[in-house]
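Listing of coords17.cif; format and content: mmCIF, C-alpha atoms and all ligand atoms.
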data_model
#
loop_
_atom_site.label_atom_id
_atom_site.label_comp_id
_atom_site.auth_asym_id
_atom_site.auth_seq_id
_atom_site.Cartn_x
_atom_site.Cartn_y
_atom_site.Cartn_z
CA MET A 142 28.65 -0.97 -2.56
CA SER A 143 25.48 -0.16 -4.48
CA GLY A 144 24.95 2.90 -2.33
CA ASP A 145 21.35 1.85 -1.75
CA PHE A 146 21.64 -0.34 1.31
CA PRO A 147 24.19 -1.32 3.95
CA VAL A 148 26.36 -4.32 3.14
CA SER A 149 28.48 -6.07 5.71
CA PHE A 150 31.09 -8.73 5.06
CA ARG A 151 31.38 -11.79 7.24
CA TYR A 152 34.45 -13.93 6.69
CA SER A 153 33.76 -17.54 7.41
CA ARG A 154 36.12 -20.46 7.86
CA ARG A 155 33.35 -22.98 7.32
CA ALA A 156 31.55 -21.47 4.32
CA LYS A 157 32.37 -23.10 1.00
CA ASN A 158 30.63 -20.64 -1.29
CA LEU A 159 29.93 -16.93 -1.44
CA ARG A 160 26.47 -16.29 -0.12
CA LEU A 161 24.22 -13.29 0.40
CA VAL A 162 22.04 -13.12 3.48
CA VAL A 163 19.32 -10.54 3.07
CA LYS A 164 17.72 -8.89 6.08
CA PRO A 165 15.29 -5.98 6.20
CA SER A 166 18.09 -3.75 7.48
CA GLY A 167 20.70 -4.67 4.93
CA VAL A 168 22.72 -7.38 3.31
CA GLU A 169 25.42 -9.63 4.70
CA LEU A 170 27.92 -11.17 2.36
CA VAL A 171 29.36 -14.41 3.67
CA VAL A 172 32.87 -14.85 2.30
CA PRO A 173 34.84 -18.09 2.62
CA LEU A 174 38.44 -17.45 3.71
CA THR A 175 39.62 -18.96 0.44
CA VAL A 176 37.87 -16.34 -1.67
CA GLY A 177 39.59 -13.06 -2.52
CA LYS A 178 38.09 -9.63 -2.14
CA ALA A 179 37.83 -8.92 -5.88
CA LYS A 180 35.81 -12.05 -6.44
CA ALA A 181 33.57 -11.26 -3.48
CA LEU A 182 32.90 -7.77 -4.78
CA ALA A 183 32.13 -9.09 -8.26
CA PHE A 184 29.66 -11.53 -6.75
CA LEU A 185 28.03 -8.73 -4.80
CA ARG A 186 27.77 -6.51 -7.86
CA GLN A 187 26.19 -9.33 -9.80
CA HIS A 188 23.49 -9.95 -7.22
CA CYS A 189 22.75 -6.38 -6.19
CA ALA A 190 19.45 -6.09 -8.00
CA TRP A 191 18.27 -9.38 -6.57
CA ALA A 192 19.26 -8.35 -3.04
CA GLU A 193 17.46 -5.03 -3.39
CA HIS A 194 14.34 -6.77 -4.59
CA LYS A 195 14.51 -9.29 -1.78
CA MET A 196 15.00 -6.60 0.81
CA ALA A 197 12.02 -4.60 -0.43
CA GLU A 198 10.00 -7.79 -0.18
CA LEU A 199 11.11 -8.36 3.39
CA ARG A 200 10.21 -4.82 4.31
CA GLY A 201 6.78 -5.49 2.88
CA GLN A 202 6.95 -2.44 0.68
CA ALA A 203 4.15 -2.15 -1.79
CA GLY A 204 5.62 -1.90 -5.19
CA ASN A 205 8.34 -4.47 -4.96
CA GLN A 206 6.76 -6.15 -7.96
CA PHE A 207 7.49 -3.22 -10.20
CA PRO A 208 10.61 -3.38 -12.39
CA GLN A 209 13.58 -2.61 -10.18
CA ALA A 210 15.69 -0.70 -12.63
CA LEU A 211 13.73 1.87 -14.60
CA LYS A 212 15.59 2.91 -17.71
CA SER A 213 14.92 5.81 -20.01
CA GLY A 214 13.82 4.61 -23.43
CA GLU A 215 12.31 1.42 -22.07
CA THR A 216 8.68 0.82 -21.13
CA VAL A 217 6.76 0.17 -17.93
CA PRO A 218 3.47 -1.71 -17.61
CA PHE A 219 0.51 0.54 -16.97
CA GLN A 220 -3.23 0.17 -17.73
CA GLY A 221 -2.72 -2.99 -19.73
CA ARG A 222 -0.14 -1.40 -22.02
CA GLU A 223 3.58 -0.92 -22.18
CA VAL A 224 4.10 2.80 -21.64
CA PRO A 225 7.30 4.48 -22.86
CA LEU A 226 9.45 5.97 -20.16
CA LEU A 227 11.61 9.06 -20.48
CA ILE A 228 13.89 10.02 -17.62
CA ARG A 229 15.68 13.36 -17.69
CA GLU A 230 17.84 15.32 -15.32
CA VAL A 231 16.24 18.55 -14.23
CA PRO A 232 17.51 20.63 -11.31
CA GLY A 233 14.86 20.90 -8.63
CA ARG A 234 13.78 19.60 -5.28
CA GLY A 235 12.51 16.12 -6.04
CA ALA A 236 11.50 13.79 -8.82
CA LYS A 237 8.40 14.80 -10.78
CA VAL A 238 6.22 12.59 -12.93
CA HIS A 239 4.31 13.75 -15.96
CA PHE A 240 2.00 11.47 -17.93
CA ASP A 241 0.57 12.14 -21.36
CA GLY A 242 0.59 8.69 -22.93
CA GLN A 243 4.21 8.30 -21.89
CA PHE A 244 5.84 8.81 -18.52
CA VAL A 245 8.27 11.69 -18.34
CA ILE A 246 10.17 11.71 -15.07
CA SER A 247 12.30 14.68 -14.12
CA VAL A 248 14.96 13.88 -11.56
CA PRO A 249 17.45 16.27 -9.98
CA PRO A 250 21.07 15.47 -10.83
CA GLY A 251 22.75 13.30 -8.21
CA PRO A 252 24.47 9.98 -7.61
CA PRO A 253 23.02 7.29 -9.93
CA ALA A 254 21.79 5.07 -7.09
CA GLN A 255 19.93 7.97 -5.54
CA ALA A 256 18.46 9.04 -8.88
CA ARG A 257 17.31 5.45 -9.52
CA GLN A 258 15.67 5.23 -6.15
CA ARG A 259 13.97 8.63 -6.51
CA THR A 260 12.72 7.83 -10.00
CA ARG A 261 11.18 4.57 -8.92
CA ALA A 262 9.63 5.97 -5.75
CA ALA A 263 8.16 8.94 -7.64
CA LEU A 264 6.62 6.71 -10.31
CA LEU A 265 5.15 4.25 -7.81
CA THR A 266 3.66 7.08 -5.77
CA TRP A 267 2.23 8.65 -8.91
CA ILE A 268 0.64 5.34 -9.95
CA LYS A 269 -0.89 4.80 -6.52
CA VAL A 270 -2.36 8.30 -6.41
CA TRP A 271 -3.69 7.81 -9.94
CA LEU A 272 -5.22 4.46 -8.98
CA ARG A 273 -6.88 5.90 -5.88
CA ASP A 274 -8.40 8.62 -8.04
CA GLU A 275 -9.67 6.13 -10.63
CA VAL A 276 -11.17 3.93 -7.92
CA GLU A 277 -12.96 6.95 -6.40
CA ASN A 278 -14.39 7.80 -9.83
CA TYR A 279 -15.65 4.29 -10.51
CA THR A 280 -17.06 4.02 -7.01
CA ALA A 281 -18.89 7.33 -7.36
CA ARG A 282 -20.27 6.20 -10.71
CA HIS A 283 -21.63 2.89 -9.40
CA THR A 284 -22.33 3.37 -5.75
CA GLU A 285 -25.45 5.56 -5.75
CA ARG A 286 -27.74 3.74 -8.11
CA PHE A 287 -28.22 0.72 -5.85
CA GLY A 288 -27.07 2.18 -2.56
CA LEU A 289 -23.83 0.19 -2.49
CA GLN A 290 -21.81 2.26 -0.07
CA PRO A 291 -18.51 0.79 1.08
CA ARG A 292 -17.30 1.77 4.54
CA GLN A 293 -13.83 2.29 3.19
CA ILE A 294 -11.71 1.24 0.27
CA ARG A 295 -8.15 0.17 0.79
CA ILE A 296 -5.68 -0.29 -2.00
CA LYS A 297 -2.93 -2.67 -1.14
CA GLN A 298 -0.75 -5.41 -2.45
CA MET A 299 -2.40 -8.81 -2.50
CA LYS A 300 -0.74 -12.03 -3.55
CA SER A 301 -3.56 -13.86 -5.26
CA ARG A 302 -6.73 -11.79 -5.24
CA TRP A 303 -7.84 -8.72 -7.13
CA GLY A 304 -10.33 -7.55 -4.58
CA SER A 305 -12.33 -8.49 -1.52
CA CYS A 306 -15.31 -7.17 0.40
CA GLY A 307 -15.38 -7.74 4.16
CA PRO A 308 -18.43 -8.31 6.38
CA ARG A 309 -18.47 -4.63 7.32
CA ASN A 310 -18.24 -3.54 3.71
CA ASP A 311 -14.58 -2.70 3.78
CA ILE A 312 -13.32 -3.21 0.28
CA ASN A 313 -9.74 -4.14 -0.51
CA LEU A 314 -8.36 -3.74 -3.99
CA ASN A 315 -5.08 -5.04 -5.32
CA TRP A 316 -2.87 -2.19 -6.44
CA LEU A 317 -1.62 -4.34 -9.33
CA LEU A 318 -4.94 -3.46 -11.00
CA ALA A 319 -3.10 -0.33 -12.15
CA PHE A 320 -1.41 -2.62 -14.66
CA ALA A 321 -4.62 -4.10 -16.07
CA PRO A 322 -6.77 -2.33 -18.68
CA PRO A 323 -9.14 0.33 -17.26
CA SER A 324 -12.24 -1.78 -17.98
CA ILE A 325 -10.82 -4.52 -15.76
CA LEU A 326 -10.29 -2.10 -12.90
CA GLU A 327 -13.89 -0.97 -13.27
CA TYR A 328 -15.11 -4.56 -13.33
CA VAL A 329 -13.32 -5.44 -10.09
CA VAL A 330 -14.63 -2.30 -8.35
CA VAL A 331 -18.19 -3.13 -9.44
CA HIS A 332 -17.77 -6.78 -8.48
CA GLU A 333 -16.74 -5.87 -4.92
CA LEU A 334 -19.41 -3.17 -4.60
CA CYS A 335 -22.06 -5.74 -5.56
CA HIS A 336 -20.84 -8.00 -2.74
CA ILE A 337 -22.20 -5.34 -0.37
CA ARG A 338 -25.65 -6.58 -1.44
CA TYR A 339 -24.90 -10.24 -2.15
CA ARG A 340 -22.03 -12.00 -0.37
CA ASP A 341 -22.00 -14.95 -2.75
CA HIS A 342 -21.69 -15.47 -6.47
CA SER A 343 -25.36 -16.34 -6.92
CA ALA A 344 -27.47 -15.60 -9.96
CA GLN A 345 -28.81 -12.47 -8.23
CA PHE A 346 -25.27 -11.28 -7.63
CA TRP A 347 -24.36 -11.56 -11.31
CA GLN A 348 -27.61 -9.92 -12.26
CA LEU A 349 -26.76 -6.93 -10.10
CA VAL A 350 -23.27 -6.81 -11.62
CA SER A 351 -24.79 -6.80 -15.09
CA HIS A 352 -27.07 -3.86 -14.20
CA HIS A 353 -23.91 -1.85 -13.60
CA LEU A 354 -21.74 -3.36 -16.29
CA PRO A 355 -23.57 -5.15 -19.08
CA ASP A 356 -20.28 -6.52 -20.44
CA TRP A 357 -18.99 -7.75 -17.07
CA ALA A 358 -18.38 -11.22 -18.53
CA ASN A 359 -15.50 -9.81 -20.58
CA GLY A 360 -13.82 -8.52 -17.44
CA ARG A 361 -14.23 -11.85 -15.71
CA GLN A 362 -12.91 -13.69 -18.73
CA TRP A 363 -9.94 -11.34 -19.07
CA LEU A 364 -8.93 -11.97 -15.46
CA LYS A 365 -9.30 -15.71 -15.92
CA GLU A 366 -7.03 -15.64 -18.94
CA ASN A 367 -4.52 -12.96 -17.95
CA GLY A 368 -4.78 -12.44 -14.21
CA ALA A 369 -2.33 -15.11 -13.16
CA ASP A 370 0.17 -14.00 -15.79
CA LEU A 371 -0.04 -10.43 -14.64
CA LEU A 372 0.57 -11.42 -11.04
CA ARG A 373 3.48 -13.62 -12.08
CA ARG A 374 4.96 -11.10 -14.48
CA LEU A 375 5.16 -8.50 -11.81
CA GLU A 376 6.65 -10.83 -9.23
ZN ZN B 401 -16.66 -12.13 -5.71
#

Show the structure stored in the file as structure tokens.
Amino acid sequence: MSGDFPVSFRYSRRAKNLRLVVKPSGVELVVPLTVGKAKALAFLRQHCAWAEHKMAELRGQAGNQFPQALKSGETVPFQGREVPLLIREVPGRGAKVHFDGQFVISVPPGPPAQARQRTRAALLTWIKVWLRDEVENYTARHTERFGLQPRQIRIKQMKSRWGSCGPRNDINLNWLLAFAPPSILEYVVVHELCHIRYRDHSAQFWQLVSHHLPDWANGRQWLKENGADLLRRLE
């Protein structure tokens, strides 16, 4: 139907309403015997985006919180701003992303569903590679001075936290930080690095943070005021 995922129809004598059952492998449309095919298809069309979103969630794909349908001329959230998006058809092997204050995505001509999927995947990959690079830079900048060496840094999707530092100095960072201003990303990296020395939020901890980032309080305040919104907005 949408071309993006398998849809099966199940006709049911008992069902009273049209209903979509989403599984990681595809979508099942439950159709009461009293409902005609045209109406069932209209219902499916109407709920396609929702089903796709739900399925991505079930598959645990990072990036399901990014806008599902990327449209040329609209904007996407990035680094605390709304960045203009330009999508153009360019013959070639795969989708390519170029960023110079706006995102320009070149996609090979093809069926719309495929182009949509390629565009989105290319942009998410680009953002994750960009974020990894930024995190490496901030880590390099702050790690040496006080010998705060993480064992590894993982970037992943987290529901309610921006970062964490495990007992063996494994640092996790929420990939949604790509959507916060750069100074906030730096603050969270520094915050977690400082937990290598102090596991708590004691006065010494904050003192160490302030040696790295004198204006750390702004970052903390920003997250207090905007963090929940950002997480919700990208749900
Ligand atoms: Zn902390």

Using all atoms listed in the file: which of A:Ala321, A:Gly251, A:Leu161, A:Tyr328 has the shortest distance to Pro232 in chain A: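 Comparing A:Ala321, A:Gly251, A:Leu161, A:Tyr328 against Pro232 in chain A, the winner is A:Gly251.
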
Option closest in space to Glu223 in chain A, from A:Arg154, A:His353, A:His194, A:Phe320 [counting all atoms listed in the file]: A:Phe320

Nearby residues, ligand ZN 401 (chain B), 7 Å, only C-alpha atoms and all ligand atoms, as a VMD selection string: chain A and resid 332 to 333 336 341 to 342

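Nearest-residue note for Asn359 in chain A: choosing from A:Ile325, A:Arg155, A:Gln298, A:Gln258, the minimum distance belongs to A:Ile325, counting all atoms listed in the file.
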
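The closest residue to Pro323 in chain A, picked from A:Val172, A:Lys180, A:Gln220, A:Pro308 and counting only C-alpha atoms, is A:Gln220.
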
Shell around Leu314 in chain A at 12 Å using only C-alpha atoms, local window under 6 positions removed, as a PDB file with C-alpha atoms, keeping the file's coordinate frame:
ATOM      1  CA  LYS A 269      -0.890   4.800  -6.520  1.00  0.00           C
ATOM      2  CA  LEU A 272      -5.220   4.460  -8.980  1.00  0.00           C
ATOM      3  CA  ARG A 273      -6.880   5.900  -5.880  1.00  0.00           C
ATOM      4  CA  GLU A 275      -9.670   6.130 -10.630  1.00  0.00           C
ATOM      5  CA  VAL A 276     -11.170   3.930  -7.920  1.00  0.00           C
ATOM      6  CA  GLU A 277     -12.960   6.950  -6.400  1.00  0.00           C
ATOM      7  CA  GLN A 293     -13.830   2.290   3.190  1.00  0.00           C
ATOM      8  CA  ILE A 294     -11.710   1.240   0.270  1.00  0.00           C
ATOM      9  CA  ARG A 295      -8.150   0.170   0.790  1.00  0.00           C
ATOM     10  CA  ILE A 296      -5.680  -0.290  -2.000  1.00  0.00           C
ATOM     11  CA  LYS A 297      -2.930  -2.670  -1.140  1.00  0.00           C
ATOM     12  CA  GLN A 298      -0.750  -5.410  -2.450  1.00  0.00           C
ATOM     13  CA  MET A 299      -2.400  -8.810  -2.500  1.00  0.00           C
ATOM     14  CA  LYS A 300      -0.740 -12.030  -3.550  1.00  0.00           C
ATOM     15  CA  SER A 301      -3.560 -13.860  -5.260  1.00  0.00           C
ATOM     16  CA  ARG A 302      -6.730 -11.790  -5.240  1.00  0.00           C
ATOM     17  CA  TRP A 303      -7.840  -8.720  -7.130  1.00  0.00           C
ATOM     18  CA  GLY A 304     -10.330  -7.550  -4.580  1.00  0.00           C
ATOM     19  CA  SER A 305     -12.330  -8.490  -1.520  1.00  0.00           C
ATOM     20  CA  CYS A 306     -15.310  -7.170   0.400  1.00  0.00           C
ATOM     21  CA  GLY A 307     -15.380  -7.740   4.160  1.00  0.00           C
ATOM     22  CA  LEU A 326     -10.290  -2.100 -12.900  1.00  0.00           C
ATOM     23  CA  GLU A 327     -13.890  -0.970 -13.270  1.00  0.00           C
ATOM     24  CA  TYR A 328     -15.110  -4.560 -13.330  1.00  0.00           C
ATOM     25  CA  VAL A 329     -13.320  -5.440 -10.090  1.00  0.00           C
ATOM     26  CA  VAL A 330     -14.630  -2.300  -8.350  1.00  0.00           C
ATOM     27  CA  VAL A 331     -18.190  -3.130  -9.440  1.00  0.00           C
ATOM     28  CA  HIS A 332     -17.770  -6.780  -8.480  1.00  0.00           C
ATOM     29  CA  GLU A 333     -16.740  -5.870  -4.920  1.00  0.00           C
ATOM     30  CA  LEU A 334     -19.410  -3.170  -4.600  1.00  0.00           C
TER      31      LEU A 334
END

Closest of A:Ala236, A:Gly221, A:Val270, A:Val168 to Trp363 in chain A - atom-to-atom distances counting all atoms listed in the file: A:Gly221

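Comparing A:Gln348, A:Thr266, A:Asn315, A:Ser213 by their smallest distance to Ile246 in chain A, the closest is A:Ser213 (using only C-alpha atoms).
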
CA of Ala156 in chain A to CA of Thr175 in chain A, distance in Å rounded to a single decimal: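 Value for the CA of Ala156 in chain A-CA of Thr175 in chain A distance: 9.3 Å.
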
10 Å contact set for Leu289 in chain A, only C-alpha atoms, chain neighbours under 2 positions out, as a ChimeraX atom specification: /A:280-281,283-287,291-292,310,331,333-338

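Here CA of Arg257 in chain A and CA of Val224 in chain A stand 18.1 Å from one another.
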
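Rounded to one decimal, CA of Ala192 in chain A and CA of Val163 in chain A lie 6.5 Å from each other.
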
All residues 9 Å or closer to Arg261 in chain A, all atoms listed in the file, same chain fewer than 6 positions away omitted, as a list in words: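 The residues satisfying every condition are Phe207, Pro208, Gln209, Ala210 and Leu211 of chain A.
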